[in-house]
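Enquirer: Starting off with a structure, shown below.
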Amino acid sequence: MRYVSLKDAKPGMQLAYSLYDTYGRTLVGGNIRLTAGYIEKLEEYGFDGVYIVDALSEGVEVEPVISPETRNSGMECVRRCDIDGCREIAKIMVSELLQKGSVSLDLMDLRSYDDYTYAHSVNVAAICGVIGMGMYLSEKALTDLVLSALLHDLGKISIPAEILKKPERLTPEEYQVMKTHSTRSYELISERWDISAKVKTAVLSHHENVDGSGYPRGLEGKKHTQFTRILHVADVYDALTSKRPYKNPYSPREASEYLMGGCGTLFDKETVEHLLTYVPLYPKGMKIKLNDGRSGIVYENAGEHNLRPLIRLFSGDMLDLNYKENLNVVIAPPEWQGEVSQEELERQREQMIQPVSGMGGCVHG
């Protein structure tokens, strides 16, 4: 299977996976062939691309980290602010992860704009589970870690819709309101005796930075719990790689570079290293363009092929970038990369670390 953007989708292409709306209802079933009407409807729902199966992608298998059913149930629990439901979903997600044994975050996300808040929480939970597995956490610890991710943005439900769903960048004043969401999330669970202190602390502190520049309390890295460090990295990674109305998504490679560049200031280095162990820089089935003008899809990206993947060209030929004769061939950056300057990235970082006015130090985990 391979991933195609909707602008490249054509009637007759066969879907690899079922697609769902924001309420978990099936929009288009797996193995169904696309029509012009389906493509138009998916664009209206905000999908950016789909996975298809064809001759070019034969042999490329991309498996979801968690099942679509669990993903949809998790999104619904987050939507309804169902804390008990989130606890059950956390157990199911960990069970699925452990049954797989080893996982890789290959699958490019399939979601619409409107369900971003809910899909984001489930995605972050899956990423946290993967990192936690790599750190050999116990099943109980993994379940608590995944639960903290499912709950970490519940406070956004009480953020005014005109701020939460604003289709362009927030003003500084609106951003200050948005930054109260971690405290709001914490307040929703602070009195729950059946939720561990580790979960509550991670929910409150998931925007704290290693250098103490985060919020709401400005804690330095040595005061961060393991759950806090993991949740922070997973949260930022998913946000970077998500398409929003006001920004293009970072590619996995760009997001990885951002995280590595922030080690020691924004992020815990060990946590970032564990994430990058399971995040291929070039996901399987992803369309890539080479510097010599040729295009193809990523066929193999594990082990020695992580940095220099095996490519199946659109001509049908295989190209191994590790071969000596191909060392001058490199993967070109995404078309949108030039739209984000280093000055803009620094502006975003400065905005991220501004203290929440009137909030610092008033809430204790």
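For the structure tokens, the naming scheme is as follows: chains receive sequential letters (A, B, ...) according to their order of presentation, residues are indexed from 1 within each chain, and ligands are indexed from 1 in presentation order.
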As number ranges by chain, please: every residue in stretch 148-289 of chain A that a backbone DSSP assignment puts in helix (DSSP H, G or I).
Expert: A: 148-151, 154-158, 161-164, 172-178, 181-189, 197-205, 221-223, 226-240, 252-261, 269-278
Enquirer: Find the residues of stretch 17-126 of chain A that sit at most 10 Å from stretch 172-196 of chain A; for each, write down the nearest two atoms and how far apart they are in Å, to one decimal. Count only C-alpha atoms. Sort by chain, then by number going up, and give it as a Markdown table.
Expert:
| residue | atom | partner | partner_atom | distance |
| --- | --- | --- | --- | --- |
| A:Cys81 | CA | A:Leu188 | CA | 9.2 |
| A:Ile83 | CA | A:Ile189 | CA | 8.2 |
| A:Asp84 | CA | A:Asp194 | CA | 9.7 |
| A:Arg87 | CA | A:Ile195 | CA | 8.9 |
Enquirer: Include N, CA and C atoms and write out the residues we just selected as a compact mmCIF listing (two decimals), in the first residue's frame.
Expert:
# COMPACT_ATOMS: atom_id res chain seq x y z
N CYS A 81 -15.52 13.76 27.23
CA CYS A 81 -14.84 13.98 28.51
C CYS A 81 -15.16 12.83 29.47
N ILE A 83 -13.93 10.26 31.52
CA ILE A 83 -12.68 9.88 32.17
C ILE A 83 -12.64 8.37 32.42
N ASP A 84 -13.76 7.81 32.87
CA ASP A 84 -13.80 6.36 33.09
C ASP A 84 -13.60 5.60 31.77
N ARG A 87 -10.01 5.51 30.84
CA ARG A 87 -9.25 4.52 31.61
C ARG A 87 -9.36 3.14 30.96
Enquirer: Would you kindly return, as a list in words, each protein, DNA or RNA residue with an atom no farther than 8 Å from any atom of A:Ser18, considering only C-alpha atoms and excluding same-chain residues fewer than 4 positions away?
Expert: Thr26, Leu27, Val28, Gly29, Gly30 and Asn31 of chain A
Enquirer: Show which residues sit within 9 Å of A:Ile331, as a list in words. Count only C-alpha atoms, and ignore same-chain residues fewer than 2 positions away.
Expert: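 Once the nearby chain positions are removed, what remains is Ile288, Lys289, Leu290, Asn291, Arg308, Val329 and Pro333 of chain A.
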Enquirer: Keeping only N, CA and C atoms, write the selected residues to a file as an mmCIF file, in the first residue's frame.
Expert:
data_model
loop_
_atom_site.group_PDB
_atom_site.id
_atom_site.type_symbol
_atom_site.label_atom_id
_atom_site.label_comp_id
_atom_site.auth_asym_id
_atom_site.auth_seq_id
_atom_site.Cartn_x
_atom_site.Cartn_y
_atom_site.Cartn_z
ATOM 1 N N ILE A 288 8.139 10.071 -2.369
ATOM 2 C CA ILE A 288 9.309 10.932 -2.243
ATOM 3 C C ILE A 288 9.791 11.342 -3.633
ATOM 4 N N LYS A 289 10.482 12.469 -3.670
ATOM 5 C CA LYS A 289 11.086 12.956 -4.909
ATOM 6 C C LYS A 289 12.580 13.049 -4.686
ATOM 7 N N LEU A 290 13.353 12.596 -5.655
ATOM 8 C CA LEU A 290 14.810 12.601 -5.558
ATOM 9 C C LEU A 290 15.393 13.841 -6.218
ATOM 10 N N ASN A 291 16.631 14.151 -5.856
ATOM 11 C CA ASN A 291 17.265 15.354 -6.391
ATOM 12 C C ASN A 291 17.547 15.268 -7.879
ATOM 13 N N ARG A 308 18.653 5.983 4.623
ATOM 14 C CA ARG A 308 18.755 5.850 3.161
ATOM 15 C C ARG A 308 17.830 4.709 2.737
ATOM 16 N N VAL A 329 22.656 10.485 -4.850
ATOM 17 C CA VAL A 329 21.200 10.655 -4.962
ATOM 18 C C VAL A 329 20.639 10.880 -3.564
ATOM 19 N N PRO A 333 13.654 17.802 -0.144
ATOM 20 C CA PRO A 333 12.759 18.201 0.954
ATOM 21 C C PRO A 333 11.330 18.354 0.447
#
Enquirer: What's the 8 Å shell around A:Thr225, counting only C-alpha atoms, without same-chain residues fewer than 4 positions away, as a PyMOL selection string?
Expert: chain A and resi 198+201-202+229
Enquirer: Take the residues from that selection and write them out as an mmCIF file, in the first residue's frame, keeping C-alpha atoms.
Expert:
data_model
loop_
_atom_site.group_PDB
_atom_site.id
_atom_site.type_symbol
_atom_site.label_atom_id
_atom_site.label_comp_id
_atom_site.auth_asym_id
_atom_site.auth_seq_id
_atom_site.Cartn_x
_atom_site.Cartn_y
_atom_site.Cartn_z
ATOM 1 C CA LYS A 198 1.919 10.434 38.231
ATOM 2 C CA THR A 201 1.339 15.555 37.353
ATOM 3 C CA ALA A 202 1.993 14.668 33.713
ATOM 4 C CA ARG A 229 9.102 14.053 29.817
#
Enquirer: What's the 12 Å shell around A:Val94, counting only C-alpha atoms, without same-chain residues fewer than 3 positions away, as a ChimeraX atom specification?
Expert: /A:65-67,70,87-91,97-101,103,125-133,137-147
Enquirer: With distances taken over only C-alpha atoms, which residue among A:Val233, A:Val60, A:Glu69, A:Val124 lies nearest A:Leu310?
Expert: A:Val60
Enquirer: Considering only C-alpha atoms, can you say which of A:Ser95, A:Ser315, A:Thr117, A:Ser251 comes closest to A:Thr22?
Expert: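 Closest to A:Thr22, using only C-alpha atoms: A:Thr117.
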Enquirer: Pick from A:Asp153, A:Asp268, A:Glu63, A:Asp238: nearest to A:Glu208, with only C-alpha atoms counted?
Expert: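 Among A:Asp153, A:Asp268, A:Glu63, A:Asp238, it is A:Asp268 that comes nearest to A:Glu208.
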Enquirer: What parts of stretch 10-157 of chain A does DSSP call strand (DSSP E)? I'd like the answer as a ChimeraX atom specification.
Expert: /A:14-15,19-20,26-28,49-53
Enquirer: Could you save those same residues with N, CA and C atoms as a short mmCIF file (atom, residue, chain, number, x, y, z; two decimals), in the first residue's frame?
Expert:
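This went into out-v6.cif:
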data_model
loop_
_atom_site.label_atom_id
_atom_site.label_comp_id
_atom_site.auth_asym_id
_atom_site.auth_seq_id
_atom_site.Cartn_x
_atom_site.Cartn_y
_atom_site.Cartn_z
N GLN A 14 -7.98 2.03 -5.31
CA GLN A 14 -8.58 1.17 -4.29
C GLN A 14 -8.05 1.50 -2.90
N LEU A 15 -8.96 1.83 -1.99
CA LEU A 15 -8.58 2.17 -0.63
C LEU A 15 -8.02 0.96 0.11
N LEU A 19 -12.22 4.67 6.07
CA LEU A 19 -12.08 6.03 6.55
C LEU A 19 -13.31 6.40 7.37
N TYR A 20 -13.09 7.15 8.45
CA TYR A 20 -14.17 7.44 9.39
C TYR A 20 -14.34 8.94 9.57
N THR A 26 -18.29 5.11 9.50
CA THR A 26 -17.54 4.81 8.28
C THR A 26 -17.97 5.73 7.15
N LEU A 27 -17.01 6.43 6.57
CA LEU A 27 -17.28 7.26 5.39
C LEU A 27 -17.12 6.45 4.12
N VAL A 28 -16.00 5.76 4.02
CA VAL A 28 -15.71 4.92 2.86
C VAL A 28 -15.05 3.65 3.37
N GLY A 49 -5.06 13.00 2.72
CA GLY A 49 -4.63 11.91 1.86
C GLY A 49 -5.21 10.60 2.31
N VAL A 50 -4.96 9.54 1.54
CA VAL A 50 -5.48 8.21 1.83
C VAL A 50 -4.42 7.17 1.48
N TYR A 51 -4.58 5.97 2.04
CA TYR A 51 -3.75 4.84 1.67
C TYR A 51 -4.48 4.03 0.61
N ILE A 52 -3.75 3.66 -0.44
CA ILE A 52 -4.33 2.84 -1.51
C ILE A 52 -3.46 1.60 -1.72
N VAL A 53 -4.01 0.64 -2.39
CA VAL A 53 -3.25 -0.55 -2.81
C VAL A 53 -3.25 -0.59 -4.33
#
Enquirer: So, with only C-alpha atoms as the atoms that count, which of A:Phe227, A:Tyr299, A:Tyr136, A:Tyr278 lies closest to A:Leu105?
Expert: A:Tyr278
Enquirer: List as JSON, numbers by chain the protein and nucleic acid residues near A:Gly74, meaning an atom at most 7 Å away when only C-alpha atoms are counted, but skip any in the same chain fewer than 3 places from it.
Expert: {"A": [70, 71, 77, 78, 86, 89, 122]}
Enquirer: Write a file of the just-selected residues containing N, CA and C atoms, as a PDB file, in the first residue's frame.
Expert:
ATOM      1  N   THR A  70     -10.387   0.866  18.217  1.00  0.00           N
ATOM      2  CA  THR A  70      -9.903   1.436  19.472  1.00  0.00           C
ATOM      3  C   THR A  70      -9.663   2.930  19.323  1.00  0.00           C
ATOM      4  N   ARG A  71      -9.112   3.316  18.201  1.00  0.00           N
ATOM      5  CA  ARG A  71      -8.874   4.734  17.918  1.00  0.00           C
ATOM      6  C   ARG A  71     -10.181   5.523  17.965  1.00  0.00           C
ATOM      7  N   CYS A  77     -14.435   8.932  23.633  1.00  0.00           N
ATOM      8  CA  CYS A  77     -14.297   9.134  25.081  1.00  0.00           C
ATOM      9  C   CYS A  77     -13.723  10.512  25.378  1.00  0.00           C
ATOM     10  N   VAL A  78     -12.716  10.921  24.608  1.00  0.00           N
ATOM     11  CA  VAL A  78     -12.136  12.252  24.803  1.00  0.00           C
ATOM     12  C   VAL A  78     -13.168  13.318  24.480  1.00  0.00           C
ATOM     13  N   CYS A  86     -11.919   6.672  29.207  1.00  0.00           N
ATOM     14  CA  CYS A  86     -10.505   6.814  28.847  1.00  0.00           C
ATOM     15  C   CYS A  86      -9.649   5.802  29.602  1.00  0.00           C
ATOM     16  N   ILE A  89     -10.048   2.565  27.719  1.00  0.00           N
ATOM     17  CA  ILE A  89      -9.358   2.633  26.424  1.00  0.00           C
ATOM     18  C   ILE A  89      -7.850   2.521  26.617  1.00  0.00           C
ATOM     19  N   VAL A 122      -5.508  10.787  21.091  1.00  0.00           N
ATOM     20  CA  VAL A 122      -5.329   9.354  20.869  1.00  0.00           C
ATOM     21  C   VAL A 122      -3.983   9.081  20.214  1.00  0.00           C
TER      22      VAL A 122
END
Enquirer: Pick out the closest residue to A:Arg312 from this set: A:Gly59, A:Gly85, A:Gly218, A:Gly24. Count only C-alpha atoms.
Expert: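 Smallest separation from A:Arg312 among the options: A:Gly59.
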Enquirer: Report, in Å to a single decimal, how far apart atom CA of A:Leu150 and atom CA of A:Ile92 are.
Expert: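 Answer for the atom CA of A:Ile92 to atom CA of A:Leu150 separation: 12.5 Å.
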Enquirer: Would you mind reading off the distance between atom CA of A:Leu281 and atom CA of A:Asn306, one decimal, in Å?
Expert: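 Here the two named atoms are 6.6 Å from each other.
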Enquirer: Between A:Thr228, A:Val272, A:Glu254, A:Leu56, which residue has the minimum interatomic distance to A:Val199, considering only C-alpha atoms?
Expert: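 Between A:Thr228, A:Val272, A:Glu254, A:Leu56, the residue approaching A:Val199 most closely is A:Thr228.
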